[in-house]
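This report concerns only the one structure given below.
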Amino acid sequence: MCGIVGIIGTDPVSDRLFEGLKRLEYRGYDSAGIATIVDGRIDRRRAKGKLANLAERLREEPLPGTVGIAHTRWATHGAPTTGNAHPHATDEVAIVHNGIIENFRPLRQELEARGRTLTSETDSEVVAHLVSEAIEAGKHPREAVAAVLPRLHGAFAIAMLFPRYPDLIIGARQGAPLTVGYGEGENFLGSDAHALASLTQRIAYLDEGDWAVVERDSVQIYDRDNAPVERPIVHSGASAALVDKGNHRHFMQKEIYEQPMVVAQTLKSYLRPLEEQVALPDMAFDLAGIERVAIIACGTASYVGMIGKYWIEQFARLPVEVDVASEFRYRDPVLLPGTLGIVVSQSGETADTLAALRHMKQANVTTAGIINVPTSSMAREVDLLLPTHAGPEIGVASTKAFTCQLSVMAALAVNLARAKGRLSAADEAEIVRHLIEAPAALNEALAHDAEIEAMAHTVAAARDVLYLGRGPDYPLALEGALKLKEISYIHAEGYASGEMKHGPIALIDDNVPLIVLAPSGPLFDKTVSNMKEAQARGAQVVLISDADGIASAGEDAVATIEMPRVHPLIAPLVYAVPVQLLAYHVAVAKGTDVDQPRNLAKSVTVE
Ligand code: F6R
């Protein structure tokens, strides 16, 4: 959740550290800081709020120094104040930390009992003091770190510098990602390859429990038993260019508009249009042996899992369970032989999803991952990587990753169905034809942007909003509500349309807009009946449907949004567009921070 960069170089580092932080701002933006060694002492600049505030601090008081560490924070322990901003420091060490030190309370009590004064409310500061104590007792930083790491419980990535040892920085990883970057006469640490992209393309990923002593001309990596180890140096491939918004006002808007292109790009690697077949990358196991499926993910990605359940059960006739990752491993799930465990994740670093993946691997479950960041921890650990080709997603609210994940999920469902002998060649060809139509249909959906913008004020004034859908459009209703909540701060809930009269209908009055997702198809009439029940009680309906649907059921709606007529299979992809645009325009109308909404971060690397 927090982002880390470290440089040990020969030229001043603070500008380049700041540039690295810009690439990591998606991980958290409630405070940031940089520490360097200046004249044998630690010097720091820290600022509450977004990186622009740190930039201002650095302008007021530039930070020299050729060795430095930097951090962008998403607060877990301690409010987002300047005092809680990293780096945390003593006279002997400065540290930046991503993750949670779960046993920080007893460690803090122990340190305070020994007379040490901690100045922040963070869990991270205990690490600085423990390492500092060991150095004060005469240990070299290398020995101090080796002694302290086993005392830390929880998930962390840490970078440290030592004013009396200006020729090294040390990084450590357990449960949160950290990479070493290799330069010419200078070396680096970073949360991911992207953070280091403008510094070097030569990187090594630390394994769980690894820690690294990074000097200007050498790097020594140790495993959790302190044995020296080699980790392969690979070409990162991460683009050095900072992604920009182009002509768009926000990254989210740009990413919504990129969907026809990135969905086409993603589908291209899974469809063989001439043969009218779907193809997956080579795999080391046989899909025919799969007897059941468990899909695990968080947030928007978990709604892809729910839609996947409808598709896999319908096409492949395999039982599917879907769990939010934070619940999965703590309920000790029954994982029977023949299970395919699928994780879905844009970042590939979400802590709960990664832990669920590891839980499944430990239980000998075959795993697949629908993942957007190919260098991420999950991408490296799944048995079968099913990449999405959405490109970097910068807006905190996930948009293009969602539709790309759905595209891959559809391809996987079809492959499973074929492998299980449940799908004829003719049916597969028909599905392929519908999937090929998806990018054009997404374009048609985008053409209704102006109408959606024009009606957004009906929703912007509301305190509560309900979304309804049936079948695969039910998870989309959940997604619509999530999008609206996270960027416009309006309370919203998604319901399966048939559930309305089992409780939520009590919420209906003429101040609660009801957004109904009802593409023409087998479930249309049922959804419309539920909509009518709500309208009879004063609901202000916004109906999202195609021309036929609007003609037959739109007369009493306060607004209608017309979508192209599409096959029910691709409806969740196409109907994602109005749901995203509606949330976007409502947020713009309310003047919220669309790309960096309050309290959120793009990549959730803590539990
Ligand atoms: C919502 C959103 C989140 C993420 C969730 C999982 O717009 O972005 O709900 O979908 O945090 O993140 P990934 O996909 O990176 O595992």
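Quick note on naming: the chains in the structure tokens go A, B, ... in the order shown, residues restart at 1 in each chain, and ligands are numbered from 1 in order of appearance.
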**Item:** Contacts to ligand 1 at 10 Å cut-off (only C-alpha atoms and all ligand atoms) as a PyMOL selection string
**Value:** chain A and resi 296-304+324-325+343-354+370-373+378+393-399+401-402+405+479-480+482-487+580+600-605
**Request:** Write out as a PyMOL selection string all residues of region 127-364 of chain A that DSSP puts in strand (DSSP E) for this structure's backbone.
**Result:** chain A and resi 154-161+169-174+179-182+187-190+202-205+211-214+219-222+228-229+234-235+271-272+277-278+292-297+320-324+339-345
**Item:** Non-local contacts of region 22-29 of chain A (6 Å; only C-alpha atoms; under 2 positions in same chain excluded) as a VMD selection string
**Value:** chain A and resid 1 to 3 19 to 20 31 50 72 to 74 195 601 to 603
Preceding selection exported with all heavy atoms as a CSV table (one decimal), in the first residue's frame:
chain,number,residue,atom,x,y,z
A,1,MET,N,0.8,-1.2,0.0
A,1,MET,CA,0.0,0.0,0.0
A,1,MET,C,0.8,1.2,0.0
A,1,MET,O,0.4,2.3,-0.5
A,1,MET,CB,-0.7,0.1,1.3
A,1,MET,CG,-2.0,-0.4,1.6
A,1,MET,SD,-3.2,-0.7,0.5
A,1,MET,CE,-4.2,0.7,0.5
A,2,CYS,N,2.0,1.1,0.7
A,2,CYS,CA,2.9,2.3,0.6
A,2,CYS,C,3.9,2.0,-0.5
A,2,CYS,O,4.1,0.9,-0.9
A,2,CYS,CB,3.6,2.5,1.9
A,2,CYS,SG,2.5,2.6,3.3
A,3,GLY,N,4.6,3.0,-1.0
A,3,GLY,CA,5.6,2.8,-2.0
A,3,GLY,C,7.0,3.2,-1.5
A,3,GLY,O,7.2,4.1,-0.7
A,19,GLU,N,11.0,11.4,-8.3
A,19,GLU,CA,10.5,10.9,-9.6
A,19,GLU,C,9.9,9.5,-9.4
A,19,GLU,O,8.9,9.1,-9.9
A,19,GLU,CB,11.6,10.9,-10.7
A,19,GLU,CG,11.0,11.2,-12.1
A,19,GLU,CD,10.8,9.9,-12.8
A,19,GLU,OE1,11.3,8.8,-12.4
A,19,GLU,OE2,10.1,10.0,-13.8
A,20,GLY,N,10.7,8.7,-8.6
A,20,GLY,CA,10.3,7.3,-8.3
A,20,GLY,C,9.0,7.3,-7.5
A,20,GLY,O,8.1,6.5,-7.7
A,31,SER,N,0.7,11.0,2.7
A,31,SER,CA,1.9,11.7,3.1
A,31,SER,C,3.1,11.1,2.4
A,31,SER,O,2.9,10.0,1.8
A,31,SER,CB,2.1,11.6,4.6
A,31,SER,OG,2.3,10.3,5.0
A,50,LYS,N,-0.7,15.0,-0.5
A,50,LYS,CA,-0.2,14.5,-1.8
A,50,LYS,C,1.3,14.9,-2.0
A,50,LYS,O,1.8,15.8,-1.4
A,50,LYS,CB,-1.0,15.0,-2.9
A,50,LYS,CG,-2.4,14.5,-2.8
A,50,LYS,CD,-3.1,14.4,-4.1
A,50,LYS,CE,-4.5,13.9,-4.0
A,50,LYS,NZ,-5.2,14.0,-5.2
A,72,THR,N,6.0,6.9,-0.1
A,72,THR,CA,4.7,7.5,-0.2
A,72,THR,C,3.7,6.6,0.6
A,72,THR,O,3.8,5.4,0.5
A,72,THR,CB,4.2,7.7,-1.7
A,72,THR,OG1,2.9,8.2,-1.7
A,72,THR,CG2,4.2,6.4,-2.5
A,73,ARG,N,2.9,7.2,1.5
A,73,ARG,CA,2.2,6.4,2.5
A,73,ARG,C,0.7,6.3,2.3
A,73,ARG,O,0.1,7.2,1.9
A,73,ARG,CB,2.5,7.1,3.9
A,73,ARG,CG,1.8,6.5,5.1
A,73,ARG,CD,2.4,7.1,6.4
A,73,ARG,NE,1.9,6.3,7.5
A,73,ARG,CZ,1.0,6.7,8.4
A,73,ARG,NH1,0.6,8.0,8.4
A,73,ARG,NH2,0.6,5.9,9.4
A,74,TRP,N,0.2,5.2,2.7
A,74,TRP,CA,-1.2,4.9,2.9
A,74,TRP,C,-1.4,4.5,4.3
A,74,TRP,O,-0.9,3.4,4.7
A,74,TRP,CB,-1.8,3.9,1.9
A,74,TRP,CG,-3.3,3.7,2.1
A,74,TRP,CD1,-4.2,4.4,1.5
A,74,TRP,CD2,-3.9,2.7,2.8
A,74,TRP,NE1,-5.5,3.9,1.8
A,74,TRP,CE2,-5.3,2.9,2.7
A,74,TRP,CE3,-3.5,1.7,3.7
A,74,TRP,CZ2,-6.3,2.1,3.3
A,74,TRP,CZ3,-4.4,0.9,4.3
A,74,TRP,CH2,-5.8,1.1,4.1
A,195,ALA,N,8.5,1.5,-10.4
A,195,ALA,CA,9.2,2.5,-9.6
A,195,ALA,C,10.6,2.8,-10.1
A,195,ALA,O,11.1,3.9,-10.0
A,195,ALA,CB,9.2,2.2,-8.1
A,601,ALA,N,-6.3,3.6,-1.9
A,601,ALA,CA,-5.1,3.5,-2.6
A,601,ALA,C,-5.3,2.5,-3.7
A,601,ALA,O,-6.2,1.6,-3.6
A,601,ALA,CB,-3.9,3.1,-1.7
A,602,LYS,N,-4.5,2.5,-4.7
A,602,LYS,CA,-4.7,1.7,-5.9
A,602,LYS,C,-4.3,0.2,-5.5
A,602,LYS,O,-5.0,-0.7,-6.0
A,602,LYS,CB,-3.8,2.2,-7.0
A,602,LYS,CG,-4.0,1.4,-8.3
A,602,LYS,CD,-5.3,1.8,-9.0
A,602,LYS,CE,-5.6,0.9,-10.2
A,602,LYS,NZ,-7.0,0.8,-10.5
A,603,SER,N,-3.3,0.0,-4.8
A,603,SER,CA,-2.8,-1.3,-4.6
A,603,SER,C,-2.8,-1.6,-3.1
A,603,SER,O,-2.1,-0.9,-2.3
A,603,SER,CB,-1.4,-1.4,-5.2
A,603,SER,OG,-0.9,-2.7,-5.1
Write out as an mmCIF file with C-alpha atoms, in the first residue's frame the residues lying within 6 Å of Ile95 (chain A), counting only C-alpha atoms and excluding same-chain residues fewer than 3 positions away.
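Okay, this is what ended up in out11.cif:
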data_model
loop_
_atom_site.group_PDB
_atom_site.id
_atom_site.type_symbol
_atom_site.label_atom_id
_atom_site.label_comp_id
_atom_site.auth_asym_id
_atom_site.auth_seq_id
_atom_site.Cartn_x
_atom_site.Cartn_y
_atom_site.Cartn_z
ATOM 1 C CA PRO A 87 11.129 7.953 6.805
ATOM 2 C CA HIS A 88 11.300 7.306 10.539
ATOM 3 C CA ALA A 159 14.480 0.047 3.123
ATOM 4 C CA MET A 160 17.052 1.511 5.491
#
**Prompt:** With only C-alpha atoms as the atoms that count, which of A:Leu384, A:Ala212, A:Ile312, A:Ala417 lies nearest to Asp282 (chain A)?
**Reply:**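 Looking at the shortest contact to Asp282 (chain A), the residue is A:Leu384.
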**Asked** When DSSP works through the backbone of this structure, what residues of region 94-271 of chain A end up as helix (DSSP H, G or I), shown as a PyMOL selection string?
**Response** chain A and resi 104-113+125-136+141-151+251-257+259-268
**Request:** With a distance cut-off of 10 Å and only C-alpha atoms, select the neighbouring residues of Glu276 (chain A), excluding the residue or stretch itself and same-chain residues fewer than 3 positions from it, and output the selection as a PyMOL selection string.
**Result:** chain A and resi 271-273+279+425-433+436
Create the file for the chosen residues now, containing C-alpha atoms and written as a compact mmCIF listing (two decimals), in the first residue's frame.
# COMPACT_ATOMS: atom_id res chain seq x y z
CA LEU A 271 -9.20 -15.72 -29.73
CA ARG A 272 -8.41 -17.42 -33.02
CA PRO A 273 -10.93 -15.67 -35.24
CA ALA A 279 -7.15 -20.54 -26.97
CA ALA A 425 -17.67 -26.38 -32.08
CA ALA A 426 -20.71 -24.46 -33.35
CA ASP A 427 -21.46 -23.02 -29.91
CA GLU A 428 -17.83 -22.09 -29.42
CA ALA A 429 -17.79 -20.36 -32.83
CA GLU A 430 -20.90 -18.40 -31.84
CA ILE A 431 -19.31 -17.26 -28.56
CA VAL A 432 -16.14 -16.24 -30.39
CA ARG A 433 -18.23 -14.16 -32.79
CA ILE A 436 -15.16 -10.30 -31.35
Where does region 543-603 of chain A meet region 447-469 of chain A within 10 Å, residue by residue, with the nearest atom pair and distance in Å to one decimal for each, counting only C-alpha atoms, listed by chain and rising number, as JSON lines?
{"residue": "A:Leu543", "atom": "CA", "partner": "A:Leu468", "partner_atom": "CA", "distance": 9.8}
{"residue": "A:Val558", "atom": "CA", "partner": "A:Thr458", "partner_atom": "CA", "distance": 8.6}
{"residue": "A:Ala559", "atom": "CA", "partner": "A:Met455", "partner_atom": "CA", "distance": 7.0}
{"residue": "A:Thr560", "atom": "CA", "partner": "A:Met455", "partner_atom": "CA", "distance": 9.0}
{"residue": "A:Ile561", "atom": "CA", "partner": "A:Ile452", "partner_atom": "CA", "distance": 7.0}
{"residue": "A:Glu562", "atom": "CA", "partner": "A:His448", "partner_atom": "CA", "distance": 7.3}
{"residue": "A:Met563", "atom": "CA", "partner": "A:His448", "partner_atom": "CA", "distance": 7.8}
{"residue": "A:Pro564", "atom": "CA", "partner": "A:His448", "partner_atom": "CA", "distance": 9.9}
{"residue": "A:Val577", "atom": "CA", "partner": "A:Asp449", "partner_atom": "CA", "distance": 9.0}
{"residue": "A:Pro578", "atom": "CA", "partner": "A:Ile452", "partner_atom": "CA", "distance": 7.3}
{"residue": "A:Val579", "atom": "CA", "partner": "A:Ile452", "partner_atom": "CA", "distance": 9.5}
{"residue": "A:Leu581", "atom": "CA", "partner": "A:Asp449", "partner_atom": "CA", "distance": 6.8}
{"residue": "A:Leu582", "atom": "CA", "partner": "A:Ile452", "partner_atom": "CA", "distance": 6.0}
{"residue": "A:Ala583", "atom": "CA", "partner": "A:Ala456", "partner_atom": "CA", "distance": 8.2}
{"residue": "A:Tyr584", "atom": "CA", "partner": "A:Glu453", "partner_atom": "CA", "distance": 8.7}
{"residue": "A:His585", "atom": "CA", "partner": "A:Glu453", "partner_atom": "CA", "distance": 5.5}
{"residue": "A:Val586", "atom": "CA", "partner": "A:Ala460", "partner_atom": "CA", "distance": 5.1}
{"residue": "A:Ala587", "atom": "CA", "partner": "A:Ala460", "partner_atom": "CA", "distance": 7.6}
{"residue": "A:Val588", "atom": "CA", "partner": "A:Ala460", "partner_atom": "CA", "distance": 9.3}
{"residue": "A:Ala589", "atom": "CA", "partner": "A:Ala460", "partner_atom": "CA", "distance": 6.8}
{"residue": "A:Lys590", "atom": "CA", "partner": "A:Ala460", "partner_atom": "CA", "distance": 6.6}
**Request:** Could you check which of A:Ser552, A:Thr66, A:Ser497, A:Asn98 is closest to Phe188 (chain A), using only C-alpha atoms?
**Result:** A:Thr66
Which residues, written as a PDB file with C-alpha atoms, in the first residue's frame, have at least one atom at most 12 Å from region 137-146 of chain A, with only C-alpha atoms counted and residues fewer than 6 positions away on the same chain left out?
ATOM      1  CA  GLU A  92      21.730   5.561  13.576  1.00  0.00           C
ATOM      2  CA  VAL A  93      19.171   4.622  10.974  1.00  0.00           C
ATOM      3  CA  ALA A  94      16.319   5.886   8.791  1.00  0.00           C
ATOM      4  CA  ILE A  95      13.690   3.465   7.556  1.00  0.00           C
ATOM      5  CA  VAL A 127      11.899  -1.152  13.388  1.00  0.00           C
ATOM      6  CA  ALA A 128      14.084   1.963  13.375  1.00  0.00           C
ATOM      7  CA  HIS A 129      14.576   1.728  17.131  1.00  0.00           C
ATOM      8  CA  LEU A 130      15.305  -1.999  17.206  1.00  0.00           C
ATOM      9  CA  VAL A 131      17.919  -1.680  14.467  1.00  0.00           C
ATOM     10  CA  LEU A 152       9.120  -8.720  13.179  1.00  0.00           C
ATOM     11  CA  ILE A 158      11.613  -2.134   4.331  1.00  0.00           C
ATOM     12  CA  ALA A 159      14.480   0.047   3.123  1.00  0.00           C
ATOM     13  CA  MET A 160      17.052   1.511   5.491  1.00  0.00           C
ATOM     14  CA  LEU A 161      20.044   3.819   5.421  1.00  0.00           C
ATOM     15  CA  PHE A 162      22.739   4.345   8.050  1.00  0.00           C
ATOM     16  CA  PRO A 163      24.524   7.705   8.484  1.00  0.00           C
ATOM     17  CA  ARG A 164      27.711   6.153   9.892  1.00  0.00           C
ATOM     18  CA  TYR A 165      27.783   3.658   7.005  1.00  0.00           C
ATOM     19  CA  PRO A 166      27.094   5.823   3.951  1.00  0.00           C
ATOM     20  CA  ASP A 167      28.183   3.107   1.530  1.00  0.00           C
ATOM     21  CA  LEU A 168      25.185   0.848   1.899  1.00  0.00           C
ATOM     22  CA  ILE A 169      21.427   0.688   2.050  1.00  0.00           C
ATOM     23  CA  ILE A 170      19.576  -2.418   3.179  1.00  0.00           C
ATOM     24  CA  GLY A 171      16.206  -3.724   1.995  1.00  0.00           C
ATOM     25  CA  ALA A 172      14.101  -6.585   3.356  1.00  0.00           C
ATOM     26  CA  ARG A 173      10.956  -8.294   2.180  1.00  0.00           C
ATOM     27  CA  GLY A 209      12.149 -13.581   3.658  1.00  0.00           C
ATOM     28  CA  ASP A 210      15.032 -12.196   1.559  1.00  0.00           C
ATOM     29  CA  TRP A 211      17.006  -9.149   2.541  1.00  0.00           C
ATOM     30  CA  ALA A 212      19.654  -7.309   0.534  1.00  0.00           C
ATOM     31  CA  VAL A 213      22.746  -5.275   1.315  1.00  0.00           C
ATOM     32  CA  VAL A 214      22.982  -2.813  -1.542  1.00  0.00           C
ATOM     33  CA  GLU A 215      26.262  -0.986  -2.180  1.00  0.00           C
ATOM     34  CA  GLN A 220      24.429  -9.204  -1.688  1.00  0.00           C
ATOM     35  CA  ILE A 221      21.097 -10.926  -1.133  1.00  0.00           C
ATOM     36  CA  TYR A 222      20.476 -13.191   1.880  1.00  0.00           C
ATOM     37  CA  ASP A 223      17.588 -15.561   2.486  1.00  0.00           C
ATOM     38  CA  ARG A 224      15.560 -15.759   5.709  1.00  0.00           C
ATOM     39  CA  ASP A 225      18.266 -17.996   7.239  1.00  0.00           C
ATOM     40  CA  ASN A 226      20.874 -15.341   6.441  1.00  0.00           C
ATOM     41  CA  ALA A 227      22.524 -17.571   3.834  1.00  0.00           C
TER      42      ALA A 227
END
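A straight line drawn from CA of Gly421 (chain A) to CA of His434 (chain A) is 20.7 Å long.
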**Request:** Measure the distance from CA of His71 (chain A) to CA of Gly591 (chain A) in Å and round it to one decimal.
**Result:**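 For CA of His71 (chain A) relative to CA of Gly591 (chain A), the distance reads 28.1 Å.
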**Request:** Figure out the distance between CA of Val566 (chain A) and CA of Asp473 (chain A), please, to one decimal in Å.
**Result:**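 Interatomic distance, CA of Asp473 (chain A) to CA of Val566 (chain A): 13.2 Å.
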